[in-house]
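Novice: Handing over query-v7.cif, mmCIF, C-alpha atoms.
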data_query
loop_
_atom_site.label_atom_id
_atom_site.label_comp_id
_atom_site.auth_asym_id
_atom_site.auth_seq_id
_atom_site.Cartn_x
_atom_site.Cartn_y
_atom_site.Cartn_z
CA MET A 300 0.00 0.00 0.00
CA ALA A 301 1.21 3.46 -0.78
CA LEU A 302 2.09 5.83 2.02
CA LYS A 303 -0.63 8.27 1.11
CA ASP A 304 -3.35 5.60 1.16
CA ILE A 305 -2.35 4.45 4.62
CA LYS A 306 -2.31 7.99 5.86
CA SER A 307 -5.82 8.69 4.65
CA LYS A 308 -7.01 5.42 6.09
CA ILE A 309 -5.57 6.33 9.50
CA GLN A 310 -7.35 9.65 9.32
CA SER A 311 -10.67 8.09 8.51
CA VAL A 312 -10.30 5.53 11.30
CA ASN A 313 -9.52 8.34 13.72
CA ARG A 314 -12.59 10.24 12.62
CA THR A 315 -14.73 7.17 13.23
CA HIS A 316 -13.10 6.84 16.63
CA GLN A 317 -14.09 10.38 17.52
CA VAL A 318 -17.69 9.77 16.50
CA THR A 319 -18.05 6.50 18.39
CA LYS A 320 -16.40 7.99 21.43
CA ALA A 321 -18.80 10.91 21.45
CA MET A 322 -21.75 8.54 21.04
CA GLU A 323 -20.45 6.43 23.88
CA ALA A 324 -20.30 9.46 26.17
CA VAL A 325 -23.80 10.62 25.19
CA SER A 326 -25.25 7.13 25.68
CA ALA A 327 -23.57 6.86 29.06
CA VAL A 328 -25.36 9.98 30.29
CA LYS A 329 -28.69 8.93 28.80
CA MET A 330 -28.24 5.46 30.21
CA ARG A 331 -27.81 6.76 33.74
CA LYS A 332 -30.94 8.88 33.44
CA SER A 333 -33.11 6.19 31.93
CA GLN A 334 -31.87 3.60 34.39
CA ALA A 335 -32.89 5.86 37.25
CA ARG A 336 -36.32 6.26 35.68
CA ALA A 337 -36.73 2.56 35.10
CA PHE A 338 -35.81 1.88 38.70
CA SER A 339 -38.13 4.55 40.07
CA GLY A 340 -41.00 2.98 38.16
CA ARG A 341 -40.40 -0.43 39.61
CA PRO A 342 -41.90 -0.10 43.13
CA TYR A 343 -45.26 0.97 41.73
CA ALA A 344 -45.40 -1.78 39.14
CA ARG A 345 -44.33 -4.34 41.72
CA SER A 346 -46.90 -3.20 44.29
CA ALA A 347 -49.72 -3.02 41.77
CA LEU A 348 -48.95 -6.49 40.51
CA SER A 349 -48.55 -8.01 43.93
CA ILE A 350 -51.85 -6.52 45.14
CA LEU A 351 -53.47 -8.13 42.18
CA GLU A 352 -51.64 -11.34 42.75
CA ARG A 353 -52.89 -11.43 46.32
CA LEU A 354 -56.39 -10.68 45.14
CA ALA A 355 -55.90 -13.48 42.63
CA PRO A 356 -57.94 -16.13 44.45
CA SER A 357 -60.88 -13.85 43.95
CA LEU A 358 -59.67 -13.09 40.45
CA ALA A 359 -60.71 -16.55 39.38
CA SER A 360 -64.15 -16.20 40.88
CA VAL A 361 -64.76 -12.59 39.97
CA LYS A 362 -65.94 -12.17 36.44
CA HIS A 363 -64.19 -9.22 34.93
CA PRO A 364 -64.11 -8.49 31.21
CA LEU A 365 -60.30 -8.22 31.30
CA THR A 366 -59.73 -11.68 32.74
CA GLU A 367 -62.07 -13.47 30.41
CA LYS A 368 -60.49 -16.17 28.22
CA ARG A 369 -61.91 -16.50 24.74
CA THR A 370 -61.08 -18.52 21.65
CA GLU A 371 -58.20 -16.70 20.04
CA LYS A 372 -59.17 -15.35 16.67
CA HIS A 373 -57.76 -11.84 16.72
CA SER A 374 -54.67 -10.77 18.52
CA ALA A 375 -52.72 -7.61 19.20
CA PHE A 376 -48.95 -7.53 19.59
CA ILE A 377 -47.11 -4.65 21.21
CA VAL A 378 -43.47 -4.54 20.16
CA VAL A 379 -40.98 -2.16 21.75
CA THR A 380 -37.69 -1.43 19.98
CA SER A 381 -35.54 1.65 19.51
CA ASP A 382 -35.76 4.17 16.69
CA LYS A 383 -32.10 4.01 15.81
CA GLY A 384 -29.68 1.16 15.40
CA LEU A 385 -26.06 0.97 16.52
CA ALA A 386 -27.15 -0.79 19.69
CA GLY A 387 -25.76 -4.25 19.21
CA VAL A 388 -28.23 -7.11 19.02
CA LEU A 389 -30.90 -5.29 21.05
CA ASN A 390 -33.49 -4.78 18.31
CA ALA A 391 -32.70 -7.94 16.44
CA ALA A 392 -33.26 -9.95 19.61
CA VAL A 393 -36.67 -8.36 20.24
CA LEU A 394 -37.79 -8.82 16.63
CA LYS A 395 -36.62 -12.42 16.59
CA GLU A 396 -38.49 -13.16 19.81
CA THR A 397 -41.63 -11.51 18.40
CA SER A 398 -41.46 -13.52 15.18
CA ARG A 399 -41.06 -16.68 17.20
CA ARG A 400 -44.10 -15.85 19.32
CA LEU A 401 -46.14 -14.87 16.29
CA GLU A 402 -45.37 -18.19 14.66
CA ALA A 403 -46.33 -20.04 17.82
CA LEU A 404 -49.75 -18.39 17.74
CA THR A 405 -52.17 -20.23 15.55
CA ILE A 406 -53.64 -17.03 14.22
CA PRO A 407 -53.34 -15.97 10.56
CA LYS A 408 -51.19 -12.97 9.72
CA ASP A 409 -54.05 -10.67 8.81
CA ALA A 410 -55.79 -11.22 12.15
CA VAL A 411 -52.82 -9.83 14.06
CA ASP A 412 -52.56 -6.11 14.77
CA ILE A 413 -49.14 -4.71 15.62
CA PHE A 414 -48.61 -1.74 17.91
CA ALA A 415 -45.06 -0.69 17.15
CA PHE A 416 -43.07 1.44 19.55
CA GLY A 417 -39.90 2.47 17.76
CA LYS A 418 -39.04 2.78 14.10
CA LYS A 419 -37.22 -0.53 13.86
CA ALA A 420 -40.28 -2.56 14.84
CA ALA A 421 -42.54 -0.54 12.53
CA GLU A 422 -40.24 -1.06 9.54
CA TYR A 423 -39.74 -4.74 10.25
CA PHE A 424 -43.43 -5.62 10.42
CA GLU A 425 -44.45 -3.32 7.60
CA ARG A 426 -42.00 -5.10 5.32
CA ARG A 427 -43.41 -8.45 6.33
CA GLY A 428 -46.96 -7.51 5.53
CA TYR A 429 -48.44 -7.24 9.00
CA THR A 430 -51.15 -4.75 9.86
CA LEU A 431 -49.62 -1.86 11.74
CA LYS A 432 -52.42 -0.60 13.92
CA ASP A 433 -50.40 2.17 15.43
CA ARG A 434 -46.79 3.28 15.33
CA PHE A 435 -44.95 5.48 17.75
CA GLU A 436 -41.64 6.99 16.84
CA ASN A 437 -39.28 9.46 18.45
CA ILE A 438 -40.45 8.60 21.90
CA SER A 439 -38.41 10.81 24.15
CA ASP A 440 -36.54 9.33 27.08
CA ASP A 441 -39.01 10.71 29.56
CA VAL A 442 -41.93 8.59 28.46
CA SER A 443 -45.12 10.42 29.37
CA ILE A 444 -47.68 8.51 31.34
CA GLU A 445 -50.55 10.31 29.54
CA ASP A 446 -49.49 8.89 26.18
CA MET A 447 -49.26 5.48 27.73
CA GLU A 448 -52.72 5.66 29.18
CA ARG A 449 -54.16 6.57 25.81
CA THR A 450 -52.59 3.56 24.13
CA ALA A 451 -53.53 1.33 27.04
CA GLN A 452 -57.08 2.63 26.74
CA THR A 453 -57.19 1.72 23.05
CA ILE A 454 -55.97 -1.76 23.81
CA VAL A 455 -58.24 -2.31 26.81
CA ASN A 456 -61.24 -1.06 24.84
CA GLY A 457 -60.27 -3.23 21.90
CA PHE A 458 -60.16 -6.23 24.18
CA THR A 459 -63.42 -5.39 25.93
CA VAL A 460 -65.41 -5.01 22.72
CA GLY A 461 -63.94 -8.22 21.35
CA MET A 462 -61.70 -6.73 18.68
CA TYR A 463 -58.78 -8.63 20.22
CA ASP A 464 -58.93 -11.95 22.00
CA ARG A 465 -55.45 -11.68 23.38
CA VAL A 466 -52.78 -9.03 23.73
CA ASP A 467 -49.06 -9.72 23.98
CA ILE A 468 -46.05 -7.53 24.51
CA VAL A 469 -42.40 -8.05 23.63
CA TYR A 470 -39.76 -5.68 25.01
CA THR A 471 -36.26 -5.66 26.43
CA ASN A 472 -35.81 -6.24 30.13
CA PHE A 473 -32.98 -4.34 31.72
CA LYS A 474 -30.93 -6.68 33.88
CA SER A 475 -27.67 -4.78 34.06
CA THR A 476 -25.59 -2.49 31.88
CA PHE A 477 -24.09 -5.49 30.16
CA GLU A 478 -27.12 -7.72 30.11
CA GLN A 479 -30.43 -7.05 28.48
CA GLN A 480 -32.91 -9.69 27.66
CA PRO A 481 -35.86 -9.74 25.27
CA VAL A 482 -38.98 -10.81 27.13
CA TRP A 483 -42.46 -11.75 26.07
CA ARG A 484 -45.51 -11.33 28.28
CA ARG A 485 -49.18 -11.87 27.81
CA VAL A 486 -50.96 -8.69 28.82
CA LEU A 487 -54.58 -9.66 28.28
CA PRO A 488 -56.53 -11.63 29.34
CA LEU A 489 -54.97 -11.13 32.75
CA SER A 490 -54.35 -14.31 34.65
CA SER A 491 -52.67 -14.95 37.95
CA GLY A 492 -49.98 -17.12 36.31
CA ALA A 493 -49.00 -14.44 33.82
CA LEU A 494 -49.08 -11.83 36.58
CA HIS A 495 -46.78 -13.86 38.73
CA ASP A 496 -44.26 -14.02 35.87
CA ILE A 497 -44.38 -10.27 35.50
CA VAL A 498 -43.88 -9.67 39.24
CA VAL A 499 -40.91 -12.01 39.28
CA GLY A 500 -39.47 -10.42 36.13
CA ILE A 501 -39.71 -6.93 37.56
CA VAL A 502 -37.57 -7.58 40.63
CA PRO A 503 -33.96 -7.03 39.62
CA GLU A 504 -31.33 -9.59 40.50
CA LYS A 505 -29.26 -7.21 42.56
CA GLY A 506 -29.18 -3.60 43.60
CA MET A 507 -31.36 -1.51 45.84
CA PHE A 508 -34.69 -2.83 44.56
CA ALA A 509 -33.70 -6.46 44.75
CA ARG A 510 -35.83 -7.41 47.70
CA PRO A 511 -38.34 -10.19 47.35
CA GLY A 512 -41.97 -9.17 47.71
CA ASN A 513 -43.53 -9.92 51.07
CA GLY A 514 -44.71 -13.48 50.95
CA GLU A 515 -47.44 -13.10 53.55
CA SER A 516 -50.70 -13.42 51.77
CA PRO A 517 -53.87 -12.93 53.78
CA SER A 518 -56.43 -15.56 53.00
CA PHE A 519 -59.23 -13.11 53.38
CA TYR A 520 -59.60 -9.54 52.26
CA THR A 521 -62.18 -6.99 53.15
CA THR A 522 -62.79 -5.15 49.94
CA GLU A 523 -64.44 -1.78 49.76
CA PRO A 524 -66.82 -1.14 48.13
CA SER A 525 -66.55 -4.54 46.41
CA SER A 526 -63.96 -6.77 44.75
CA GLU A 527 -65.40 -5.86 41.38
CA GLU A 528 -64.89 -2.17 41.94
CA VAL A 529 -61.36 -2.59 43.25
CA LEU A 530 -60.55 -4.68 40.20
CA ASP A 531 -62.28 -2.16 37.97
CA VAL A 532 -59.84 0.49 39.12
CA LEU A 533 -56.82 -1.77 39.28
CA LEU A 534 -57.03 -3.87 36.11
CA PRO A 535 -57.18 -1.19 33.40
CA ARG A 536 -54.50 0.71 35.29
CA LEU A 537 -52.35 -2.35 35.37
CA THR A 538 -52.36 -2.58 31.59
CA SER A 539 -50.93 0.91 31.33
CA VAL A 540 -48.44 0.12 34.10
CA ILE A 541 -47.20 -2.92 32.20
CA LEU A 542 -46.90 -0.83 29.06
CA TYR A 543 -45.19 2.09 30.78
CA HIS A 544 -42.84 -0.25 32.55
CA ALA A 545 -41.97 -2.04 29.30
CA LEU A 546 -41.10 1.26 27.67
CA LEU A 547 -38.92 2.43 30.55
CA GLU A 548 -37.05 -0.86 30.65
CA SER A 549 -36.56 -0.79 26.90
CA LYS A 550 -35.19 2.73 27.01
CA ALA A 551 -32.71 1.85 29.73
CA SER A 552 -31.69 -1.24 27.78
CA GLU A 553 -31.33 0.68 24.54
CA HIS A 554 -28.94 3.23 25.98
CA SER A 555 -26.93 0.61 27.82
CA ALA A 556 -26.65 -1.56 24.73
CA ARG A 557 -25.63 1.39 22.63
CA MET A 558 -23.04 2.49 25.12
CA VAL A 559 -21.49 -0.96 25.19
CA ALA A 560 -21.61 -1.24 21.39
CA MET A 561 -19.98 2.15 20.99
CA LYS A 562 -17.35 1.33 23.57
CA ASN A 563 -16.43 -1.79 21.61
CA ALA A 564 -16.35 0.22 18.40
CA SER A 565 -14.05 2.89 19.79
CA ASP A 566 -11.75 0.30 21.35
CA LYS A 567 -11.56 -1.49 18.03
CA SER A 568 -10.90 1.71 16.09
CA ARG A 569 -8.10 2.63 18.48
CA ASP A 570 -6.47 -0.74 17.92
CA LEU A 571 -6.90 -0.44 14.19
CA SER A 572 -5.42 3.04 14.10
CA LYS A 573 -2.45 1.80 16.10
CA SER A 574 -1.73 -1.10 13.78
CA LEU A 575 -2.16 1.11 10.72
CA LEU A 576 0.32 3.59 12.17
CA ARG A 577 2.77 0.74 12.59
CA THR A 578 2.33 -0.29 8.94
CA PHE A 579 2.72 3.34 7.92
CA ASN A 580 6.02 3.63 9.81
CA LYS A 581 7.28 0.37 8.32
CA VAL A 582 6.46 1.43 4.77
CA ARG A 583 7.99 4.85 5.35
CA GLN A 584 11.16 3.29 6.80
CA ALA A 585 11.38 0.88 3.86
CA ALA A 586 11.17 3.80 1.44
CA ILE A 587 13.91 5.70 3.30
CA THR A 588 16.15 2.62 3.45
CA SER A 589 15.81 1.93 -0.25
CA GLU A 590 16.46 5.60 -1.07
CA VAL A 591 19.59 5.64 1.11
CA SER A 592 20.88 2.45 -0.44
CA GLU A 593 20.27 3.88 -3.93
CA ILE A 594 22.25 7.00 -3.03
CA VAL A 595 25.06 4.97 -1.48
CA GLY A 596 25.06 2.71 -4.54
CA GLY A 597 25.22 5.78 -6.82
CA ILE A 598 28.12 7.29 -4.87
CA GLU A 599 30.03 4.02 -5.01
CA ALA A 600 29.46 3.67 -8.71
CA MET A 601 30.78 7.20 -9.22
CA ALA A 602 33.76 6.66 -6.86
CA SER A 603 34.90 3.53 -8.70
CA LYS A 604 35.12 5.42 -11.98
CA MET B 26 -46.18 -0.59 60.10
CA HIS B 27 -44.51 -0.14 56.74
CA VAL B 28 -46.09 2.34 54.37
CA THR B 29 -45.44 2.67 50.65
CA ILE B 30 -47.05 5.44 48.65
CA ALA B 31 -46.19 5.41 44.97
CA ARG B 32 -47.14 7.04 41.74
CA VAL B 33 -46.37 5.30 38.48
CA HIS B 34 -43.21 7.29 37.85
CA GLU B 35 -42.09 8.11 41.38
CA ASN B 36 -42.04 6.84 44.91
CA LEU B 37 -43.66 9.36 47.25
CA PHE B 38 -43.22 7.70 50.60
CA ASN B 39 -41.51 4.54 51.71
CA GLY B 40 -40.95 3.91 55.40
CA GLU B 41 -42.37 3.30 58.85
CA ALA B 42 -45.42 5.19 60.09
CA GLU B 43 -47.87 5.07 63.00
CA SER B 44 -51.03 5.89 61.13
CA VAL B 45 -52.34 6.69 57.68
CA SER B 46 -55.58 8.53 56.93
CA VAL B 47 -57.01 7.76 53.54
CA PRO B 48 -60.12 9.00 51.70
CA THR B 49 -61.71 5.80 50.41
CA THR B 50 -64.87 5.66 48.33
CA GLY B 51 -66.67 4.46 51.45
CA GLY B 52 -65.47 7.42 53.51
CA GLU B 53 -62.33 8.62 55.24
CA ILE B 54 -60.58 5.92 57.26
CA THR B 55 -57.50 5.88 59.45
CA ILE B 56 -55.33 2.81 59.45
CA LEU B 57 -53.37 1.90 62.56
CA LYS B 58 -51.18 -1.05 63.34
CA ASN B 59 -52.71 -4.52 62.92
CA HIS B 60 -55.51 -3.40 60.70
CA GLU B 61 -57.37 -6.25 59.05
CA PRO B 62 -56.48 -7.05 55.42
CA LEU B 63 -58.23 -4.55 53.23
CA ALA B 64 -58.35 -3.52 49.60
CA ALA B 65 -60.22 -0.34 48.77
CA THR B 66 -60.56 2.24 46.04
CA LEU B 67 -59.84 5.88 46.78
CA LYS B 68 -61.72 9.07 46.06
CA PRO B 69 -60.31 12.60 45.64
CA GLY B 70 -59.06 14.09 48.91
CA THR B 71 -55.98 14.32 51.07
CA LEU B 72 -53.93 11.45 52.39
CA THR B 73 -52.06 11.97 55.64
CA VAL B 74 -49.18 9.91 56.98
CA ARG B 75 -48.12 10.34 60.61
CA SER B 76 -44.81 9.06 61.82
CA GLY B 77 -43.16 10.09 65.09
CA GLY B 78 -44.88 13.47 65.45
CA GLU B 79 -44.32 14.37 61.84
CA THR B 80 -47.15 14.49 59.33
CA GLN B 81 -46.95 14.38 55.59
CA SER B 82 -49.86 15.03 53.24
CA PHE B 83 -50.45 13.96 49.68
CA THR B 84 -53.22 14.88 47.28
CA VAL B 85 -55.28 11.96 46.06
CA GLU B 86 -57.24 11.93 42.84
CA TYR B 87 -57.81 8.28 42.42
CA GLY B 88 -56.10 5.08 43.36
CA VAL B 89 -56.06 1.87 45.32
CA LEU B 90 -55.24 1.08 48.93
CA GLU B 91 -54.07 -2.24 50.19
CA VAL B 92 -53.49 -3.28 53.79
CA SER B 93 -52.01 -6.70 54.41
CA GLY B 94 -50.31 -7.77 57.59
CA SER B 95 -47.94 -4.99 58.60
CA THR B 96 -47.71 -3.27 55.24
CA VAL B 97 -49.84 -0.54 53.76
CA THR B 98 -49.57 0.19 50.06
CA VAL B 99 -51.22 3.14 48.37
CA LEU B 100 -51.08 3.40 44.62
CA LEU B 101 -52.09 6.80 43.30
#
Could you express the structure from this file as structure tokens?
Specialist:
Amino acid sequence: MALKDIKSKIQSVNRTHQVTKAMEAVSAVKMRKSQARAFSGRPYARSALSILERLAPSLASVKHPLTEKRTEKHSAFIVVTSDKGLAGVLNAAVLKETSRRLEALTIPKDAVDIFAFGKKAAEYFERRGYTLKDRFENISDDVSIEDMERTAQTIVNGFTVGMYDRVDIVYTNFKSTFEQQPVWRRVLPLSSGALHDIVVGIVPEKGMFARPGNGESPSFYTTEPSSEEVLDVLLPRLTSVILYHALLESKASEHSARMVAMKNASDKSRDLSKSLLRTFNKVRQAAITSEVSEIVGGIEAMASK
Amino acid sequence: MHVTIARVHENLFNGEAESVSVPTTGGEITILKNHEPLAATLKPGTLTVRSGGETQSFTVEYGVLEVSGSTVTVLL
């Protein structure tokens, strides 16, 4: 390779390094913020779910439209990804999990409605010919609860009037900065089994929120004014809590994944730039050596005349 | 008695308290230690937590109260 080519290559690698390094720093800040938000949302979600779980014995006996199991003909899928890439396998993992779950459902493609949070999910399912019921892009890091409630309302209404017979959600669970995991949950119809999974999934493995929920479960509850009314308040709310929680977790995961991906990229570009510089020096030295030997050869040829 | 008061996006109160007064749909009630297990819906009003001579108030629009064993959970 010519000297000039190597030089321009080094420059371009260094430019890439600067970009990835800046992105790493930005993601690190965003990650810290969104992690704090995801964590602050956890106590509520955990309490809401565990109240419901403890009310669960009555959940089986109480007839509520949101717990009713029906033959599955129409389904809604909520998929949460990021808008932008450069975040490692994050989005690919969520989309793969969704496809797997969609295949496992015995519902034809045109009876599935997709609610896509994030551009990547919207593009993916549009290309594959699914019905995109709603798409949300450019969701800022501070996810607003009002927006969530609107979407949750649409979904809860859709389920109540029989437009959907089941509702699922796939998102990324934030386990730690280095570990994010795509998870699938059934949102509706609510059942105590599915709720238990969500409660367990919400408690992080370590850190300040990693305390197990209190196991004491009273066998009898006084409910005021009635179990139905408590459930009426709690159940629709819970749907929006699950949704809100999924978005927060996904945001925290996205920024963590991007930070790690960018860190790897800038480490790699530093290594590459170093090895290119070494090649550059070698080539330059070779050129100097050959020039010197030519000159020496020339002098000797002249001296022997 | 351990009291947790949380909104979806923030934790308002988390700690020990002697009593909690809550506006439920059935009327205002005060919960002391060893209250029987209870789940109730809330109506708009003011929620008061008393712990060691200190009182803290929160505005309630709507929510759910749960009392079980020695823990009180209020979700606003």
Novice: Can you tell me which residues surround B:Thr98 at a distance of at most 12 Å, considering all atoms listed in the file, apart from same-chain residues fewer than 6 positions away, and format the answer as a count of residues only?
Specialist: 38
Novice: Could you list, as an MDAnalysis selection string, every residue matched by the PyMOL selection byres ((chain A and resi 455) around 12) in this structure?
Specialist: chainID A and resid 364:366 375 447:454 456:466 486:489 531 534:539 542
Novice: Against chain B, which residues of chain A fall within 8 Å? For each one I want the closest pair of atoms and the distance in Å (one decimal), counting all atoms listed in the file, rows by chain and increasing residue number, as CSV.
Specialist:
residue,atom,partner,partner_atom,distance
A:Arg336,CA,B:His34,CA,7.3
A:Ser339,CA,B:Glu35,CA,5.5
A:Gly340,CA,B:His34,CA,4.9
A:Pro342,CA,B:Asn36,CA,7.2
A:Tyr343,CA,B:Val33,CA,5.5
A:Ala344,CA,B:Val33,CA,7.2
A:Ser346,CA,B:Thr98,CA,7.2
A:Ala347,CA,B:Leu100,CA,7.2
A:Ile350,CA,B:Glu91,CA,7.0
A:Ile444,CA,B:Val33,CA,7.9
A:Glu515,CA,B:Gly94,CA,7.3
A:Ser516,CA,B:Ser93,CA,7.3
A:Pro517,CA,B:Ser93,CA,6.5
A:Phe519,CA,B:Pro62,CA,7.0
A:Tyr520,CA,B:Pro62,CA,5.1
A:Thr521,CA,B:Leu63,CA,4.6
A:Thr522,CA,B:Ala64,CA,4.7
A:Glu523,CA,B:Ala65,CA,4.6
A:Pro524,CA,B:Gly51,CA,6.5
A:Ser525,CA,B:Ala65,CA,8.0
A:Glu528,CA,B:Thr66,CA,7.4
A:Val529,CA,B:Thr66,CA,5.6
A:Val532,CA,B:Thr66,CA,7.2
A:Leu533,CA,B:Val89,CA,7.1
A:Val540,CA,B:Val33,CA,7.1
Novice: Atom CA of A:Ala321 to atom CA of A:His544: how many Å, to one decimal?
Specialist: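 Taking atom CA of A:Ala321 as the start and atom CA of A:His544 as the end point, the length is 28.7 Å.
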Novice: Would you mind reading off the distance between atom CA of A:Ser555 and atom CA of A:Leu385, one decimal, in Å?
Specialist: 11.3 Å
Novice: Using the chain letters and numbers from this file, what does the PyMOL selection byres ((chain B and resi 86) around 7) select? Give the answer as a list in words.
Specialist: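 Applied to this file, the PyMOL selection byres ((chain B and resi 86) around 7) selects Lys68, Pro69, Gly70, Thr84, Val85, Tyr87 and Gly88 of chain B.
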Novice: What's the separation between atom CA of A:Arg427 and atom CA of A:Lys408, in Å to one decimal place?
Specialist: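 Computing it gives 9.6 Å between the two atoms.
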Novice: Please expand the PyMOL selection byres ((chain A and resi 430) around 9) into the concrete residues it hits in this file, giving the result as a list in words.
Specialist: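 What the PyMOL selection byres ((chain A and resi 430) around 9) grabs from the file is Lys408, Asp409, Ala410, Val411, Asp412, Ile413, Phe414, Phe424, Glu425, Gly428, Tyr429, Leu431, Lys432 and Asp433 of chain A.
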Novice: What's the 8 Å shell around A:Ile309, counting only C-alpha atoms, without same-chain residues fewer than 4 positions away, as a PDB file with C-alpha atoms, in the coordinates of the input?
Specialist:
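The result, written out as result-v8.pdb:
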ATOM      1  CA  ILE A 305      -2.350   4.450   4.620  1.00  0.00           C
ATOM      2  CA  ASN A 313      -9.520   8.340  13.720  1.00  0.00           C
ATOM      3  CA  SER A 572      -5.420   3.040  14.100  1.00  0.00           C
ATOM      4  CA  LEU A 575      -2.160   1.110  10.720  1.00  0.00           C
ATOM      5  CA  LEU A 576       0.320   3.590  12.170  1.00  0.00           C
TER       6      LEU A 576
END
Novice: So which one's closest to A:Lys306, A:Thr476, A:Leu530, A:Arg577, A:Arg353? Using all atoms listed in the file, please.
Specialist: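 Of all the options, A:Arg577 lies closest to A:Lys306.
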Novice: Which residues, written as a PyMOL selection string, have at least one atom at most 6 Å from B:Leu72, with all atoms listed in the file counted and residues fewer than 5 positions away on the same chain left out?
Specialist: chain B and resi 46-47+82-83
Novice: With distances taken over all atoms listed in the file, which residue among A:Ser311, A:Ile468, A:Phe376, A:Lys368 lies nearest A:Ser490?
Specialist: A:Lys368
